[in-house]
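**Q** Structure below; questions to follow.
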Amino acid sequence: MRLTVSEIASLVGGTVRGDGAVVIEGAAGLGEATPRDLSFLANPKYKFQLETTRAGALLVPPEVETGKRPAVVVKNPTDAWAAVLEILDKERTRRPAGIHPTAVIAAGAKIGRNVTVGAHTVIEEGASVGDNTILYPRVYIGFDSSVGADCLVYPGVTLRERTTVGNRCVLQPGVVVGGDGYGFSFGAGRHRKIPQVGTVVIEDDVEIQANSTIDRAAVGVTRIGRGTKIDNLVQIAHGAEIGENCLIVAQTGVAGSTKIGNFVTLAAQVGVAGHLKIGDQTIVAGQSGVSHDLPPKSVVFGTPAQPIKDEMKCQAAVRQLPKLLDEFRAIKKKMGWGS
Amino acid sequence: MRLTVSEIASLVGGTVRGDGAVVIEGAAGLGEATPRDLSFLANPKYKFQLETTRAGALLVPPEVETGKRPAVVVKNPTDAWAAVLEILDKERTRRPAGIHPTAVIAAGAKIGRNVTVGAHTVIEEGASVGDNTILYPRVYIGFDSSVGADCLVYPGVTLRERTTVGNRCVLQPGVVVGGDGYGFSFGAGRHRKIPQVGTVVIEDDVEIQANSTIDRAAVGVTRIGRGTKIDNLVQIAHGAEIGENCLIVAQTGVAGSTKIGNFVTLAAQVGVAGHLKIGDQTIVAGQSGVSHDLPPKSVVFGTPAQPIKDEMKCQAAVRQLPKLLDEFRAIKKKMGWGS
Amino acid sequence: MRLTVSEIASLVGGTVRGDGAVVIEGAAGLGEATPRDLSFLANPKYKFQLETTRAGALLVPPEVETGKRPAVVVKNPTDAWAAVLEILDKERTRRPAGIHPTAVIAAGAKIGRNVTVGAHTVIEEGASVGDNTILYPRVYIGFDSSVGADCLVYPGVTLRERTTVGNRCVLQPGVVVGGDGYGFSFGAGRHRKIPQVGTVVIEDDVEIQANSTIDRAAVGVTRIGRGTKIDNLVQIAHGAEIGENCLIVAQTGVAGSTKIGNFVTLAAQVGVAGHLKIGDQTIVAGQSGVSHDLPPKSVVFGTPAQPIKDEMKCQAAVRQLPKLLDEFRAIKKKMGWGS
């Protein structure tokens, strides 16, 4: 990458402050940036870092002052940052290409145009892979499963049989799609397996990150809605339905048959119990445990989760509780109230 | 599948209500079922769904009324449901077969009759695989490890050296058996690795689901008892012993050397500390942290876990605490109690 | 292994108690040891086990009495135990050797002396592997990534492109290094991916255990400091920096850009929020949630984490809260304070 500040402004639809002729060759955080790097500040809260950064230029929203330093001003600097990083990504990231001779592709599998099938990747009978999709080495696409067009499927991903992945999806290393749901019937002193004959549908523009697991439904479908982004080590149980454009952060678990709306955020290490309905645009704070239905636009925290303001009050109150107990005992004694 | 309601009743040992000649071709949840599908209701709590379901026939326990709709009545509808799904599973699920030419099988490995070894699967020296077992593609069976008969081992499973898996076990994708336990000795300013020379024994009829990890013991054995079922992303540490027929739900962790009895349920995201004894038939509710031994038939919740009734009372009390603090302060002021 | 007690004492720099001529052939825990086994006791708390053990000899610190039984006395019995297990490990553990013909090694990859490349392992262009390193079967080393000398990389490990692993590192099965960080920019009704163009640096003597995930930075580096040991199913997010010689126990998650000092212990199932600084030698107890910076040598517990003594007091107080509420209500009634 070798762009002037003016060229970057033009690329991201921003305006220039200061010297637009300064040349930028990389991108870095404010703390690590050199005079050749672009850096960015989206949150005015971290404005103090501008005093010490060595960055050659900045991406900022209008309300952040930047002094003499060259800057590109945009309404959404995070989005502009993404646009610049896309250029760097193309430069830096080498990917496999072509059909590797060690790949095992069943005779009846349908492979689109311009598909990459990496070394030791296996595609079973009845499976299909859409145009321009890159399957890295060591991927498994099961019987009758399909991956759409323009996907990235990293090493170690397993799609079991009859699962469906949409277009423009990204599956990071180690993701498992379509493992059996956790269903057993107890009787005669043992747990009998309930065959999981359903499947998984992952809609377009979904990303699932490393070592997360999406179980197949007992019957019917486990669904991940369009545009939803799932972080590492997340568990989605059988028959769960995740809406569109949700954010499900690391190590969260969603139990069976729960329906989650659109634009829902589950912060890290959250647990959501089974058979619940979580309304659109709900936010669940980290480490919470959700055990009841939530209406749209809920903002909850705690185990069991309650409205975040109430939870914060309770947490603060608990910290005063040891003192309260001492005072209460002292008063009881003084007043002769007995125990 | 194409069975009449009467044939299904005969299959599952149930009795027919209504028209036994109705033909059923699939199975689905009450919400998704079509007139060609069988559906089921085990829990009378969800009885209201019977009003709107389009299911062609129902599996129900005797106490659930079904009106004119054809039904098969059984004491344990979940078990009957499993029996029907087994038929569908055989129909729908294609599996690999035979020894794939890209598999790498050491000369000294013992392979039983009718074994499947998928593409790119590796079986090291001294390993053995029992009759009828299916190893999917991309499985690793380490030196001197053994897998019993009639097992299913899905893609990406790793059995490190000297580990043992019984008969009729299922290992879902990405399971790791026999990774080193977490043992280090601190001295001279660094953590020295304590070699983990023990092993793992997984008894018959165990299922371990996607991306779960069972560590090998430092010395001795990490044991998973007969009939125990482990969900996704569960961690079992070195030297732990899990009893028979336990249910260990997603994202739970059991620390080193802990002994868990038979028929114990650890609900999702539970943590059990090391060197504990958990009695038979104990139930630990979701997200709990167990830090003490538990007698048989305990039912506990919370961090640290306590009897569930006590924990529920404490949780309810905490929600009243902010109000209590306000009242207490007002009374203190009114009474002139100071501080 | 076949060593006398005296030979063991000499090996570990200890002194002999009792008959130094007794022959030892294995090692086991106190409960499982036979007369041919060495066992050890580091913590005097478990001294009662010495009454029933059948162990042929013991490794103990000076303060533990051992009666007539042969013993080797050392200051740090855990360290001595590690030394003995290293001998057993060499005896028992078979490993792959050589370059397997099914491995796929790019023409431009640099492979050191005495390197093992297991079956179906893939090494991409620009990658390098140091001397004596063992790559088990089914490993993926991405473009321009490097693994140092004397490493063990177990089956199913994925190193994505441009990541760096130091010398003497151990990566247990299923570890993912360099998966994309979780970064998206919201706008126009959707989440746009922020390309993660940074990388991961894992310094010397690090161990990362089964199915843990270390994300690459958005820009810059995610760093795991020298000598740090990471347990199973741990998540380290993009741009986090973990110091030297830390212990990060199972199922813990560290969010993005957080800086963790040296010799920090995060016990199991801990969550640490993003953009925090955690001081050296801090200990965070299991299942805690850390939401604020912590000074060096903090010892914290709870969600949100507070000094462990305060948290223990709060937890004890909460258990008295239901009774307090009852008493308070009774007094209010008696005193006519109304509600």
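Numbering starts fresh at 1 for the residues of each chain in the structure tokens, the chains themselves are lettered A, B, ... in the order given, and ligands are numbered from 1 as they appear.
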Taking only C-alpha atoms into account, find every residue of chain C that has an atom no more than 8 Å from chain A, and write it out as a PyMOL selection string.

**A** chain C and resi 104+120+122+138+140+143+156+158+161+174+176+179-180+182+185-187+190-197+211+213+219-220+233+235+251+253+271+289+313-314+317-318+324

**Q** Fewer than 4 positions away in the same chain doesn't count, so skip those; otherwise give me all residues within 10 Å of C:Ser145, counting only C-alpha atoms, as a count of residues only.

**A** 19

**Q** Rotate and translate chain B onto chain C via least squares on all in-order Cα pairs, then write the result as a compact mmCIF listing (two decimals) with C-alpha atoms, in the first residue's frame.

**A**
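Output saved as superposed.txt:
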# COMPACT_ATOMS: atom_id res chain seq x y z
CA MET B 1 12.42 -47.64 34.16
CA ARG B 2 14.25 -49.58 36.79
CA LEU B 3 15.90 -47.41 39.42
CA THR B 4 16.73 -47.83 43.08
CA VAL B 5 15.52 -45.28 45.58
CA SER B 6 19.13 -44.13 45.95
CA GLU B 7 19.45 -43.64 42.20
CA ILE B 8 16.25 -41.58 42.19
CA ALA B 9 17.59 -39.46 45.06
CA SER B 10 20.75 -38.86 43.10
CA LEU B 11 18.75 -37.97 39.98
CA VAL B 12 16.64 -35.35 41.73
CA GLY B 13 19.23 -34.03 44.17
CA GLY B 14 17.45 -35.42 47.23
CA THR B 15 18.38 -37.47 50.29
CA VAL B 16 17.31 -41.01 51.08
CA ARG B 17 15.24 -42.12 54.04
CA GLY B 18 15.02 -45.84 54.75
CA ASP B 19 16.14 -48.58 52.36
CA GLY B 20 17.78 -46.98 49.32
CA ALA B 21 18.13 -50.33 47.57
CA VAL B 22 14.41 -50.76 46.90
CA VAL B 23 13.75 -50.95 43.16
CA ILE B 24 11.18 -48.70 41.52
CA GLU B 25 9.72 -49.39 38.06
CA GLY B 26 6.88 -46.89 37.70
CA ALA B 27 5.07 -43.91 39.17
CA ALA B 28 1.51 -43.50 40.39
CA GLY B 29 -0.73 -41.44 42.64
CA LEU B 30 -0.89 -42.43 46.29
CA GLY B 31 -4.23 -44.17 45.81
CA GLU B 32 -3.18 -46.31 42.86
CA ALA B 33 0.51 -46.97 43.53
CA THR B 34 1.81 -50.54 43.87
CA PRO B 35 4.98 -51.58 45.74
CA ARG B 36 6.89 -51.13 42.47
CA ASP B 37 5.80 -47.51 42.11
CA LEU B 38 7.14 -44.24 43.31
CA SER B 39 4.51 -41.82 44.53
CA PHE B 40 4.69 -38.28 45.82
CA LEU B 41 3.16 -35.91 48.31
CA ALA B 42 3.72 -32.19 47.87
CA ASN B 43 0.92 -30.88 50.05
CA PRO B 44 0.98 -31.97 53.72
CA LYS B 45 -2.82 -31.53 53.67
CA TYR B 46 -3.11 -34.93 51.96
CA LYS B 47 -0.75 -36.61 54.48
CA PHE B 48 -3.53 -38.94 55.67
CA GLN B 49 -3.21 -40.80 52.37
CA LEU B 50 0.21 -42.06 53.44
CA GLU B 51 -1.50 -44.42 55.89
CA THR B 52 -3.14 -46.47 53.16
CA THR B 53 -0.87 -46.12 50.14
CA ARG B 54 0.93 -49.22 48.86
CA ALA B 55 3.64 -47.16 47.15
CA GLY B 56 7.12 -48.68 47.23
CA ALA B 57 8.73 -45.30 47.85
CA LEU B 58 7.76 -41.67 48.27
CA LEU B 59 8.91 -38.26 47.15
CA VAL B 60 8.25 -35.80 49.99
CA PRO B 61 9.33 -32.45 51.37
CA PRO B 62 11.34 -32.53 54.63
CA GLU B 63 8.34 -31.73 56.84
CA VAL B 64 6.39 -34.86 55.91
CA GLU B 65 7.10 -37.97 58.01
CA THR B 66 7.23 -41.24 56.16
CA GLY B 67 7.84 -43.86 58.86
CA LYS B 68 9.70 -46.97 57.66
CA ARG B 69 8.77 -46.58 54.02
CA PRO B 70 11.66 -45.68 51.70
CA ALA B 71 11.52 -42.02 50.73
CA VAL B 72 13.42 -39.40 48.80
CA VAL B 73 13.36 -36.04 50.54
CA VAL B 74 13.52 -32.89 48.42
CA LYS B 75 12.59 -29.27 48.90
CA ASN B 76 10.38 -29.25 45.81
CA PRO B 77 8.83 -32.72 45.40
CA THR B 78 6.69 -31.60 42.44
CA ASP B 79 9.81 -30.67 40.54
CA ALA B 80 11.47 -33.97 41.43
CA TRP B 81 8.31 -35.77 40.35
CA ALA B 82 8.55 -34.02 36.96
CA ALA B 83 12.14 -35.26 36.61
CA VAL B 84 11.12 -38.88 37.25
CA LEU B 85 8.14 -38.66 34.91
CA GLU B 86 10.41 -37.36 32.16
CA ILE B 87 12.16 -40.73 32.24
CA LEU B 88 8.89 -42.63 32.10
CA ASP B 89 7.65 -40.36 29.30
CA LYS B 90 10.64 -41.16 27.13
CA GLU B 91 10.01 -44.84 27.68
CA ARG B 92 6.30 -44.87 27.06
CA THR B 93 5.64 -42.25 24.41
CA ARG B 94 6.15 -43.20 20.80
CA ARG B 95 6.15 -40.33 18.33
CA PRO B 96 6.15 -40.11 14.53
CA ALA B 97 9.50 -39.54 12.81
CA GLY B 98 10.70 -38.44 9.39
CA ILE B 99 8.94 -36.69 6.55
CA HIS B 100 5.85 -38.68 5.63
CA PRO B 101 5.31 -39.12 1.88
CA THR B 102 1.72 -37.83 2.15
CA ALA B 103 2.83 -34.54 3.70
CA VAL B 104 2.46 -31.55 1.38
CA ILE B 105 5.41 -29.19 1.77
CA ALA B 106 5.61 -26.14 -0.48
CA ALA B 107 8.77 -25.79 -2.51
CA GLY B 108 9.64 -22.52 -0.81
CA ALA B 109 9.13 -23.71 2.77
CA LYS B 110 12.24 -23.96 4.97
CA ILE B 111 12.52 -27.16 6.96
CA GLY B 112 15.27 -27.47 9.59
CA ARG B 113 17.38 -30.48 10.48
CA ASN B 114 15.83 -33.55 12.06
CA VAL B 115 12.28 -32.29 11.58
CA THR B 116 9.29 -34.65 11.59
CA VAL B 117 6.43 -33.87 9.24
CA GLY B 118 3.55 -36.29 9.84
CA ALA B 119 1.10 -37.79 7.38
CA HIS B 120 -1.21 -35.33 5.63
CA THR B 121 0.44 -32.33 7.24
CA VAL B 122 0.51 -29.24 5.02
CA ILE B 123 3.22 -26.55 5.05
CA GLU B 124 2.51 -23.59 2.78
CA GLU B 125 4.84 -21.31 0.83
CA GLY B 126 7.05 -19.04 2.89
CA ALA B 127 6.64 -21.10 6.05
CA SER B 128 9.54 -22.38 8.14
CA VAL B 129 10.02 -25.10 10.75
CA GLY B 130 13.01 -25.18 13.12
CA ASP B 131 15.37 -28.04 13.97
CA ASN B 132 14.08 -31.10 15.80
CA THR B 133 10.48 -29.95 15.74
CA ILE B 134 7.84 -32.66 15.44
CA LEU B 135 4.75 -31.84 13.42
CA TYR B 136 2.26 -34.65 13.96
CA PRO B 137 -0.10 -35.76 11.19
CA ARG B 138 -2.83 -33.37 10.04
CA VAL B 139 -1.16 -30.10 11.02
CA TYR B 140 -1.54 -26.94 8.93
CA ILE B 141 1.24 -24.34 8.81
CA GLY B 142 0.00 -21.37 6.78
CA PHE B 143 1.75 -19.06 4.33
CA ASP B 144 4.75 -17.22 5.81
CA SER B 145 4.23 -18.71 9.28
CA SER B 146 7.05 -20.07 11.36
CA VAL B 147 7.48 -22.65 14.07
CA GLY B 148 10.75 -22.62 16.02
CA ALA B 149 13.07 -25.43 17.06
CA ASP B 150 12.30 -28.28 19.44
CA CYS B 151 8.53 -27.84 19.28
CA LEU B 152 5.77 -30.43 19.49
CA VAL B 153 2.75 -29.68 17.31
CA TYR B 154 -0.03 -32.24 17.73
CA PRO B 155 -2.68 -33.39 15.23
CA GLY B 156 -5.29 -30.96 14.06
CA VAL B 157 -3.37 -27.80 14.93
CA THR B 158 -3.89 -24.87 12.55
CA LEU B 159 -1.48 -21.95 12.28
CA ARG B 160 -2.98 -19.46 9.90
CA GLU B 161 -0.78 -17.21 7.73
CA ARG B 162 1.99 -14.97 9.08
CA THR B 163 1.89 -16.29 12.64
CA THR B 164 5.01 -17.04 14.66
CA VAL B 165 5.67 -19.74 17.23
CA GLY B 166 8.92 -19.71 19.22
CA ASN B 167 11.25 -22.47 20.35
CA ARG B 168 10.36 -25.34 22.67
CA CYS B 169 6.63 -24.66 22.34
CA VAL B 170 3.95 -27.32 22.66
CA LEU B 171 0.65 -27.00 20.80
CA GLN B 172 -1.84 -29.68 21.84
CA PRO B 173 -4.42 -31.09 19.39
CA GLY B 174 -6.92 -28.74 17.81
CA VAL B 175 -5.25 -25.47 18.75
CA VAL B 176 -6.01 -22.60 16.37
CA VAL B 177 -3.46 -19.78 16.10
CA GLY B 178 -4.28 -16.76 13.99
CA GLY B 179 -7.99 -17.09 13.38
CA ASP B 180 -9.50 -13.70 12.62
CA GLY B 181 -10.25 -11.44 15.56
CA TYR B 182 -13.88 -10.56 16.15
CA GLY B 183 -14.11 -7.12 14.58
CA PHE B 184 -17.06 -5.70 12.68
CA SER B 185 -18.21 -2.20 11.87
CA PHE B 186 -21.92 -1.52 12.01
CA GLY B 187 -23.54 0.64 9.37
CA ALA B 188 -26.27 0.54 6.72
CA GLY B 189 -28.09 -2.15 8.66
CA ARG B 190 -25.32 -4.70 8.61
CA HIS B 191 -22.03 -5.69 10.22
CA ARG B 192 -19.09 -5.11 7.88
CA LYS B 193 -16.02 -7.22 8.50
CA ILE B 194 -12.93 -5.33 9.63
CA PRO B 195 -10.11 -7.31 7.99
CA GLN B 196 -7.76 -8.68 10.60
CA VAL B 197 -4.43 -7.91 8.99
CA GLY B 198 -2.32 -8.26 12.13
CA THR B 199 -0.76 -11.43 13.44
CA VAL B 200 0.12 -13.59 16.45
CA VAL B 201 3.48 -14.02 18.13
CA ILE B 202 3.91 -16.92 20.52
CA GLU B 203 7.21 -16.65 22.35
CA ASP B 204 9.54 -19.43 23.51
CA ASP B 205 8.54 -22.14 25.96
CA VAL B 206 4.81 -21.56 25.64
CA GLU B 207 2.33 -24.44 25.84
CA ILE B 208 -1.21 -24.13 24.50
CA GLN B 209 -3.56 -26.98 25.20
CA ALA B 210 -6.35 -28.69 23.33
CA ASN B 211 -8.81 -26.71 21.19
CA SER B 212 -7.75 -23.31 22.54
CA THR B 213 -7.88 -20.36 20.17
CA ILE B 214 -5.52 -17.40 19.81
CA ASP B 215 -6.91 -14.77 17.45
CA ARG B 216 -4.77 -12.63 15.19
CA ALA B 217 -4.76 -8.87 15.83
CA ALA B 218 -6.77 -6.45 13.68
CA VAL B 219 -3.49 -4.60 13.18
CA GLY B 220 -0.34 -5.26 15.16
CA VAL B 221 0.16 -8.36 17.23
CA THR B 222 -1.56 -10.70 19.67
CA ARG B 223 1.28 -11.84 21.92
CA ILE B 224 1.70 -14.80 24.27
CA GLY B 225 4.74 -14.17 26.47
CA ARG B 226 7.62 -16.54 27.09
CA GLY B 227 6.91 -19.46 29.37
CA THR B 228 3.14 -18.92 29.59
CA LYS B 229 0.99 -22.05 29.82
CA ILE B 230 -2.56 -22.06 28.46
CA ASP B 231 -5.02 -24.84 29.29
CA ASN B 232 -7.83 -26.31 27.10
CA LEU B 233 -10.63 -24.34 25.42
CA VAL B 234 -9.19 -20.93 26.27
CA GLN B 235 -9.96 -17.92 24.09
CA ILE B 236 -7.42 -15.11 23.61
CA ALA B 237 -8.91 -12.29 21.54
CA HIS B 238 -7.28 -10.00 19.00
CA GLY B 239 -4.60 -7.68 20.17
CA ALA B 240 -4.42 -9.12 23.69
CA GLU B 241 -0.96 -9.32 25.20
CA ILE B 242 -0.29 -12.03 27.74
CA GLY B 243 2.91 -11.60 29.75
CA GLU B 244 5.57 -14.13 30.64
CA ASN B 245 5.09 -17.23 32.75
CA CYS B 246 1.35 -16.80 33.17
CA LEU B 247 -1.04 -19.66 33.93
CA ILE B 248 -4.34 -19.42 32.09
CA VAL B 249 -6.61 -22.23 33.11
CA ALA B 250 -9.33 -24.00 31.14
CA GLN B 251 -12.23 -22.21 29.45
CA THR B 252 -10.98 -18.74 30.35
CA GLY B 253 -11.48 -15.88 27.92
CA VAL B 254 -9.40 -12.72 27.53
CA ALA B 255 -11.05 -10.01 25.44
CA GLY B 256 -9.44 -7.76 22.86
CA SER B 257 -6.48 -5.43 23.51
CA THR B 258 -6.19 -6.38 27.17
CA LYS B 259 -2.64 -6.42 28.54
CA ILE B 260 -1.86 -9.03 31.15
CA GLY B 261 1.38 -8.81 33.14
CA ASN B 262 3.90 -11.50 34.06
CA PHE B 263 3.29 -14.42 36.43
CA VAL B 264 -0.47 -13.82 36.35
CA THR B 265 -2.83 -16.71 37.13
CA LEU B 266 -6.31 -16.75 35.64
CA ALA B 267 -8.07 -19.76 37.14
CA ALA B 268 -10.67 -21.70 35.18
CA GLN B 269 -13.67 -20.15 33.40
CA VAL B 270 -12.55 -16.60 34.07
CA GLY B 271 -13.55 -13.74 31.79
CA VAL B 272 -11.41 -10.61 31.43
CA ALA B 273 -13.01 -7.69 29.60
CA GLY B 274 -11.31 -5.79 26.79
CA HIS B 275 -8.83 -2.88 26.94
CA LEU B 276 -7.76 -3.63 30.55
CA LYS B 277 -4.39 -3.78 32.27
CA ILE B 278 -3.82 -6.60 34.72
CA GLY B 279 -0.74 -6.19 36.91
CA ASP B 280 2.05 -8.72 37.45
CA GLN B 281 1.52 -11.64 39.81
CA THR B 282 -2.23 -11.11 39.95
CA ILE B 283 -4.42 -14.11 40.77
CA VAL B 284 -8.01 -14.27 39.56
CA ALA B 285 -10.10 -17.04 41.13
CA GLY B 286 -12.27 -19.39 39.05
CA GLN B 287 -15.42 -18.16 37.23
CA SER B 288 -14.61 -14.52 38.03
CA GLY B 289 -15.38 -11.67 35.67
CA VAL B 290 -12.76 -8.91 35.59
CA SER B 291 -14.14 -5.59 34.37
CA HIS B 292 -11.55 -3.11 35.67
CA ASP B 293 -7.79 -2.69 35.65
CA LEU B 294 -6.01 -4.55 38.45
CA PRO B 295 -2.80 -3.46 40.17
CA PRO B 296 0.09 -5.92 40.58
CA LYS B 297 -0.36 -8.75 43.11
CA SER B 298 -4.14 -8.41 43.15
CA VAL B 299 -6.02 -11.47 44.36
CA VAL B 300 -9.59 -11.17 43.18
CA PHE B 301 -12.79 -13.18 42.90
CA GLY B 302 -16.40 -12.74 41.79
CA THR B 303 -18.33 -11.00 39.04
CA PRO B 304 -17.41 -8.22 38.91
CA ALA B 305 -14.17 -9.30 40.56
CA GLN B 306 -13.14 -7.65 43.84
CA PRO B 307 -10.44 -8.47 46.41
CA ILE B 308 -11.02 -12.09 47.37
CA LYS B 309 -11.52 -11.35 51.09
CA ASP B 310 -14.25 -8.84 50.32
CA GLU B 311 -15.88 -11.23 47.88
CA MET B 312 -15.84 -14.06 50.45
CA LYS B 313 -17.47 -11.74 53.00
CA CYS B 314 -20.12 -10.71 50.49
CA GLN B 315 -20.84 -14.32 49.56
CA ALA B 316 -21.19 -15.26 53.23
CA ALA B 317 -23.38 -12.23 53.86
CA VAL B 318 -25.72 -13.09 51.00
CA ARG B 319 -26.37 -16.46 52.60
CA GLN B 320 -27.57 -14.67 55.72
CA LEU B 321 -29.70 -12.26 53.75
CA PRO B 322 -32.97 -14.23 53.64
CA LYS B 323 -32.92 -14.43 57.47
CA LEU B 324 -32.04 -10.75 57.75
CA LEU B 325 -35.01 -9.83 55.54
CA ASP B 326 -37.34 -11.91 57.74
CA GLU B 327 -36.04 -10.33 60.94
CA PHE B 328 -36.17 -6.85 59.50
CA ARG B 329 -39.79 -7.35 58.46
CA ALA B 330 -40.72 -8.69 61.90
CA ILE B 331 -39.08 -5.73 63.61
CA LYS B 332 -40.73 -3.25 61.25
CA LYS B 333 -44.09 -4.76 62.10
CA LYS B 334 -43.43 -4.81 65.82
CA MET B 335 -42.21 -1.22 65.81
CA GLY B 336 -45.03 -0.03 63.57
CA TRP B 337 -42.63 1.36 60.94
CA GLY B 338 -45.04 0.77 58.05
CA SER B 339 -44.46 -0.07 54.39

**Q** Write out as number ranges by chain the set of residues from stretch 49-274 of chain A that DSSP, computed on the backbone, places in strand (DSSP E or B).

**A** A: 57-60, 71-73, 99, 104-105, 110-111, 116-117, 122-123, 128-129, 134-135, 140-141, 146-147, 152-153, 158-159, 164-165, 170-171, 176-179, 184-187, 190-193, 199-202, 207-208, 213-215, 221-224, 229-230, 235-236, 241-242, 247-248, 253-254, 259-260, 265-266, 271-272
